[in-house]
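S.K.: Following this line is coords11.txt, made up of compact mmCIF, C-alpha atoms:
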# COMPACT_ATOMS: atom_id res chain seq x y z
CA MET E 1 -0.27 23.92 -8.63
CA SER E 2 -3.55 24.15 -10.46
CA GLY E 3 -4.88 27.64 -11.14
CA TRP E 4 -8.15 26.55 -9.53
CA TRP E 5 -6.66 27.01 -6.04
CA ALA E 6 -6.63 30.79 -6.57
CA TYR E 7 -10.42 30.78 -7.05
CA LEU E 8 -11.09 29.37 -3.58
CA GLU E 9 -11.93 31.71 -0.71
CA GLU E 10 -9.43 31.77 2.14
CA ARG E 11 -11.87 30.02 4.50
CA THR E 12 -12.44 27.24 1.97
CA ARG E 13 -8.69 26.86 1.48
CA GLY E 14 -8.35 26.38 5.22
CA GLU E 15 -11.07 23.70 5.20
CA VAL E 16 -9.35 21.88 2.34
CA ASP E 17 -5.97 22.00 4.07
CA ALA E 18 -7.54 20.79 7.33
CA GLY E 19 -8.94 17.79 5.46
CA VAL E 20 -5.62 17.09 3.79
CA LEU E 21 -3.64 17.42 7.03
CA CYS E 22 -5.92 14.80 8.61
CA ASP E 23 -5.65 12.60 5.48
CA ARG E 24 -9.34 12.98 4.70
CA ARG E 25 -8.90 13.10 0.94
CA LEU E 26 -12.52 12.58 -0.07
CA ARG E 27 -13.73 15.31 2.28
CA ALA E 28 -11.18 17.72 0.81
CA VAL E 29 -12.15 16.79 -2.77
CA LYS E 30 -15.83 17.33 -1.94
CA ILE E 31 -15.12 20.78 -0.52
CA VAL E 32 -13.14 21.84 -3.61
CA TRP E 33 -15.65 20.36 -6.03
CA GLU E 34 -18.69 21.93 -4.35
CA ALA E 35 -17.00 25.33 -4.17
CA LEU E 36 -15.78 25.43 -7.77
CA ARG E 37 -18.30 23.32 -9.68
CA PRO E 38 -20.33 26.43 -10.56
CA LEU E 39 -17.19 27.72 -12.32
CA GLY E 40 -16.88 24.55 -14.40
CA LEU E 41 -14.52 22.47 -12.25
CA GLY E 42 -14.96 18.72 -12.74
CA LEU E 43 -14.42 16.00 -10.19
CA ARG E 44 -11.11 14.96 -11.74
CA GLU E 45 -9.81 18.54 -11.51
CA ALA E 46 -10.95 18.74 -7.87
CA GLU E 47 -8.90 15.60 -7.16
CA GLN E 48 -5.91 17.20 -8.85
CA VAL E 49 -6.25 20.33 -6.68
CA VAL E 50 -6.29 18.15 -3.56
CA ASN E 51 -3.34 16.07 -4.79
CA ALA E 52 -1.39 19.30 -5.21
CA ARG E 53 -2.22 20.24 -1.61
CA TYR E 54 -0.95 16.85 -0.42
CA GLU E 55 2.32 17.55 -2.23
CA ALA E 56 2.53 21.12 -0.90
CA LEU E 57 1.86 20.08 2.69
CA GLY E 58 4.17 17.04 2.44
CA ASP E 59 5.36 15.63 5.76
CA ARG E 60 2.81 17.65 7.72
CA VAL E 61 0.03 15.30 6.53
CA ARG E 62 -0.90 12.84 9.29
CA ARG E 63 -1.40 9.84 7.05
CA ARG E 64 -3.66 7.11 8.30
CA PRO E 65 -1.96 3.74 8.53
CA PRO E 66 -3.23 1.05 6.16
CA ASP E 67 -6.09 -1.08 7.42
CA PRO E 68 -4.74 -4.12 9.26
CA LEU E 69 -5.19 -7.44 7.48
CA ASP E 70 -4.23 -9.76 10.32
CA LEU E 71 -6.82 -12.29 11.47
CA PRO E 72 -7.36 -10.88 15.01
CA SER E 73 -8.02 -7.36 13.65
CA LEU E 74 -10.40 -8.56 10.95
CA THR E 75 -12.19 -10.85 13.42
CA ALA E 76 -12.69 -7.95 15.82
CA ARG E 77 -14.08 -5.76 13.05
CA ALA E 78 -16.45 -8.53 11.93
CA ALA E 79 -17.64 -9.10 15.51
CA ALA E 80 -18.44 -5.39 15.90
CA LEU E 81 -20.81 -5.38 12.92
CA PRO E 82 -24.57 -5.27 13.50
CA GLY E 83 -25.60 -8.69 12.23
CA GLN E 84 -24.46 -12.20 11.53
CA VAL E 85 -21.71 -12.61 8.94
CA ALA E 86 -22.99 -14.78 6.08
CA ALA E 87 -19.89 -14.46 3.87
CA VAL E 88 -16.70 -12.50 3.40
CA GLU E 89 -16.34 -10.79 0.04
CA ALA E 90 -13.56 -8.92 -1.75
CA LEU E 91 -14.49 -6.23 -4.30
CA TRP E 92 -12.38 -4.18 -6.68
CA ASP E 93 -12.79 -0.42 -6.62
CA GLY E 94 -10.65 2.42 -7.83
CA ASP E 95 -10.20 6.11 -8.30
CA THR E 96 -7.85 8.51 -10.00
CA VAL E 97 -5.80 8.95 -6.82
CA HIS E 98 -5.25 5.40 -5.59
CA ASP E 99 -5.67 3.50 -8.85
CA TRP E 100 -7.21 0.08 -8.21
CA PHE E 101 -7.72 -1.23 -4.68
CA VAL E 102 -9.74 -3.96 -3.00
CA VAL E 103 -12.41 -3.57 -0.34
CA LEU E 104 -13.05 -6.45 2.06
CA VAL E 105 -16.63 -6.60 3.32
CA ALA E 106 -18.67 -8.87 5.53
CA VAL E 107 -21.95 -9.81 3.89
CA LEU E 108 -24.53 -9.71 6.68
CA ASN E 109 -27.75 -11.60 7.35
CA PRO E 110 -30.49 -10.83 6.65
CA ALA E 111 -29.17 -8.04 4.39
CA GLY E 112 -26.46 -5.43 4.18
CA GLU E 113 -22.72 -5.46 4.54
CA GLY E 114 -20.01 -4.04 6.74
CA HIS E 115 -16.61 -2.68 5.81
CA LEU E 116 -13.67 -4.72 7.08
CA ALA E 117 -10.64 -3.25 5.29
CA THR E 118 -9.45 -1.38 2.22
CA VAL E 119 -6.37 -2.90 0.60
CA HIS E 120 -4.22 -0.54 -1.46
CA HIS E 121 -1.03 -1.43 -3.26
CA ARG E 122 1.73 -1.45 -0.66
CA PRO E 123 5.28 -0.86 -1.88
CA GLY E 124 7.20 -4.09 -1.46
CA GLY E 125 4.00 -5.97 -0.61
CA HIS E 126 1.72 -8.33 -2.46
CA PRO E 127 -0.62 -6.88 -5.09
CA PRO E 128 -3.89 -5.77 -3.45
CA GLY E 129 -5.91 -8.61 -5.01
CA LEU E 130 -3.63 -11.30 -3.60
CA ALA E 131 -3.30 -9.66 -0.18
CA ALA E 132 -7.07 -9.19 0.10
CA ALA E 133 -7.74 -12.75 -1.07
CA ALA E 134 -5.39 -14.23 1.54
CA ALA E 135 -6.80 -12.11 4.39
CA GLY E 136 -10.42 -12.60 3.32
CA ARG E 137 -10.03 -16.35 2.91
CA ALA E 138 -8.39 -16.65 6.33
CA LEU E 139 -11.23 -14.71 7.98
CA ALA E 140 -13.92 -16.69 6.15
CA ASP E 141 -12.29 -19.98 7.16
CA PHE E 142 -12.06 -18.81 10.78
CA LEU E 143 -15.73 -17.75 10.79
CA GLY E 144 -16.88 -20.84 8.89
CA VAL E 145 -18.50 -18.84 6.08
CA PRO E 146 -17.91 -18.69 2.32
CA PHE E 147 -15.33 -16.38 0.78
CA HIS E 148 -16.07 -14.73 -2.57
CA PHE E 149 -13.73 -12.81 -4.84
CA ALA E 150 -14.91 -12.94 -8.44
CA SER E 151 -11.71 -11.52 -9.95
CA PRO E 152 -8.67 -11.75 -7.66
CA HIS E 153 -6.05 -11.30 -10.37
CA VAL E 154 -7.62 -8.68 -12.66
CA PRO E 155 -9.29 -5.48 -11.45
CA ASP E 156 -13.00 -5.64 -12.30
CA ASP E 157 -15.46 -3.43 -10.46
CA GLN E 158 -18.35 -4.98 -12.43
CA ALA E 159 -17.67 -8.59 -11.32
CA PRO E 160 -20.66 -10.48 -9.89
CA ARG E 161 -21.30 -10.12 -6.20
CA TRP E 162 -21.72 -13.00 -3.74
CA ARG E 163 -25.46 -12.53 -3.29
CA THR E 164 -26.00 -12.51 -7.06
CA ALA E 165 -23.50 -15.24 -8.02
Show me the file's structure as structure tokens.

M.R.:
Amino acid sequence: MSGWWAYLEERTRGEVDAGVLCDRRLRAVKIVWEALRPLGLGLREAEQVVNARYEALGDRVRRRPPDPLDLPSLTARAAALPGQVAAVEALWDGDTVHDWFVVLVAVLNPAGEGHLATVHHRPGGHPPGLAAAAAGRALADFLGVPFHFASPHVPDDQAPRWRTA
């Protein structure tokens, strides 16, 4: 494990482990980074500390199941959003932990967007771009709105958005 763990106070270690055990990775990274940034820890190193805690805690981590991509689940999420869905859009994003993944969002009228699902690579499953495209297209067809995915085959977090395309 990283030597940075030893610099954390016991209370902070407990907060990090609580975040990890609940599969709240970003919360745990934020705690580590804020505590050790004054000592020169970077964000990437904070992620590595948290990754090491995931490995150390192993099967005790209550991992959240992947977001459902079936049409009834996505339709329910879209219906719960505060506004009318103008389009469904898929966007690439990524980080040092999950590599590339796709976020499905509902573009809302008059402005804004709502999160529908995050699609990570699933072992034995379709690549995230293809899985997100199929689910997003199905939802858009069901809702009678456009579907936009500027780069379904190649990760590109700078691809044009629906409102700007």

S.K.: Which of these, E:Ala79, E:Leu8, E:Ala134, E:Val49, has the shortest distance to Val29 in chain E once you count only C-alpha atoms?

M.R.: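 Between E:Ala79, E:Leu8, E:Ala134, E:Val49, the residue approaching Val29 in chain E most closely is E:Val49.
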
S.K.: Could you put an axis-aligned box around every listed atom of range 33-38 of chain E, padded by 4 Å on each side, and send me its centre and edge lengths in Å to one decimal, as lines of an AutoDock Vina configuration file?

M.R.:
center_x = -18.0
center_y = 23.4
center_z = -7.4
size_x = 12.7
size_y = 14.1
size_z = 14.4

S.K.: In the coordinate frame of the file, compute which residues have an atom within 9 Å of (-9.7, 15.4, -1.0) when using all atoms listed in the file, and state them as a list in words.

M.R.: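 Checked against the point, the hits come out as Val16, Gly19, Val20, Asp23, Arg24, Arg25, Leu26, Arg27, Ala28, Val29, Lys30, Ile31, Val32, Ala46, Glu47, Gln48, Val49, Val50, Asn51, Arg53 and Tyr54 of chain E.
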
S.K.: Hey, what's within 9 Å of Ala132 in chain E if we count only C-alpha atoms and toss same-chain stuff fewer than 5 positions away? As a ChimeraX atom specification, please?

M.R.: /E:69,90,102-104,117-119,127,137,152

S.K.: Given only C-alpha atoms as the basis, pick out the residue of E:Pro82, E:Pro65, E:Gly94, E:Gly129 nearest to Glu113 in chain E.

M.R.: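 Ranked by minimum distance to Glu113 in chain E, first place goes to E:Pro82.
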
S.K.: Go ahead and find all residues with at least one atom no further than 12 Å from (-23.8, -10.0, 10.6) in the file's coordinates, using all atoms listed in the file; report them as an MDAnalysis selection string.

M.R.: chainID E and resid 75 77:88 105:116 143 145

S.K.: What does the distance from CA of Ala56 in chain E to CA of Gly125 in chain E come to in Å, to one decimal?

M.R.: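 Computing the Euclidean distance for CA of Ala56 in chain E and CA of Gly125 in chain E yields 27.1 Å.
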
S.K.: Provide the CA of Arg13 in chain E to CA of Trp33 in chain E distance in Å, to one decimal place.

M.R.: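 Between CA of Arg13 in chain E and CA of Trp33 in chain E the gap is 12.1 Å.
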
S.K.: Find the distance between CA of Phe142 in chain E and CA of Leu71 in chain E and write it in Å to one decimal.

M.R.: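 CA of Phe142 in chain E sits 8.4 Å away from CA of Leu71 in chain E.
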
S.K.: Which neighbours of range 121-123 of chain E fall inside 9 Å, counting all atoms listed in the file, when residues of the same chain fewer than 3 positions from it are skipped, and could you give them as a count of residues only?

M.R.: 9

S.K.: Could you give me range 135-157 of chain E completed to N, CA and C atoms, formatted as a short mmCIF file (atom, residue, chain, number, x, y, z; two decimals), in the coordinates of the input?

M.R.:
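The file below, out_32.cif, is the result:
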data_model
loop_
_atom_site.label_atom_id
_atom_site.label_comp_id
_atom_site.auth_asym_id
_atom_site.auth_seq_id
_atom_site.Cartn_x
_atom_site.Cartn_y
_atom_site.Cartn_z
N ALA E 135 -6.19 -12.55 3.12
CA ALA E 135 -6.80 -12.11 4.39
C ALA E 135 -8.27 -12.49 4.45
N GLY E 136 -9.00 -12.29 3.36
CA GLY E 136 -10.42 -12.60 3.32
C GLY E 136 -10.69 -14.08 3.47
N ARG E 137 -9.89 -14.90 2.80
CA ARG E 137 -10.03 -16.35 2.91
C ARG E 137 -9.75 -16.83 4.33
N ALA E 138 -8.72 -16.27 4.95
CA ALA E 138 -8.39 -16.65 6.33
C ALA E 138 -9.54 -16.30 7.28
N LEU E 139 -10.11 -15.11 7.12
CA LEU E 139 -11.23 -14.71 7.98
C LEU E 139 -12.45 -15.59 7.73
N ALA E 140 -12.77 -15.84 6.47
CA ALA E 140 -13.92 -16.69 6.15
C ALA E 140 -13.74 -18.09 6.72
N ASP E 141 -12.55 -18.65 6.58
CA ASP E 141 -12.29 -19.98 7.16
C ASP E 141 -12.48 -19.96 8.67
N PHE E 142 -11.94 -18.93 9.32
CA PHE E 142 -12.06 -18.81 10.78
C PHE E 142 -13.52 -18.71 11.21
N LEU E 143 -14.32 -17.94 10.44
CA LEU E 143 -15.73 -17.75 10.79
C LEU E 143 -16.63 -18.88 10.28
N GLY E 144 -16.09 -19.74 9.43
CA GLY E 144 -16.88 -20.84 8.89
C GLY E 144 -17.92 -20.39 7.88
N VAL E 145 -17.59 -19.37 7.10
CA VAL E 145 -18.50 -18.84 6.08
C VAL E 145 -17.79 -18.85 4.73
N PRO E 146 -18.55 -18.72 3.63
CA PRO E 146 -17.91 -18.69 2.32
C PRO E 146 -17.09 -17.41 2.10
N PHE E 147 -16.10 -17.54 1.24
CA PHE E 147 -15.33 -16.38 0.78
C PHE E 147 -15.58 -16.24 -0.71
N HIS E 148 -15.81 -14.99 -1.15
CA HIS E 148 -16.07 -14.73 -2.57
C HIS E 148 -15.21 -13.58 -3.06
N PHE E 149 -14.50 -13.85 -4.15
CA PHE E 149 -13.73 -12.81 -4.84
C PHE E 149 -13.77 -13.20 -6.32
N ALA E 150 -14.64 -12.55 -7.06
CA ALA E 150 -14.91 -12.94 -8.44
C ALA E 150 -13.71 -12.74 -9.36
N SER E 151 -12.81 -11.82 -9.03
CA SER E 151 -11.71 -11.52 -9.95
C SER E 151 -10.45 -11.14 -9.18
N PRO E 152 -9.82 -12.10 -8.51
CA PRO E 152 -8.67 -11.75 -7.66
C PRO E 152 -7.43 -11.27 -8.39
N HIS E 153 -7.29 -11.63 -9.66
CA HIS E 153 -6.05 -11.30 -10.37
C HIS E 153 -6.17 -10.10 -11.30
N VAL E 154 -7.41 -9.76 -11.70
CA VAL E 154 -7.62 -8.68 -12.66
C VAL E 154 -8.66 -7.71 -12.10
N PRO E 155 -8.31 -6.44 -11.96
CA PRO E 155 -9.29 -5.48 -11.45
C PRO E 155 -10.57 -5.47 -12.29
N ASP E 156 -11.71 -5.61 -11.62
CA ASP E 156 -13.00 -5.64 -12.30
C ASP E 156 -14.07 -5.19 -11.31
N ASP E 157 -14.46 -3.94 -11.40
CA ASP E 157 -15.46 -3.43 -10.46
C ASP E 157 -16.89 -3.75 -10.91
#
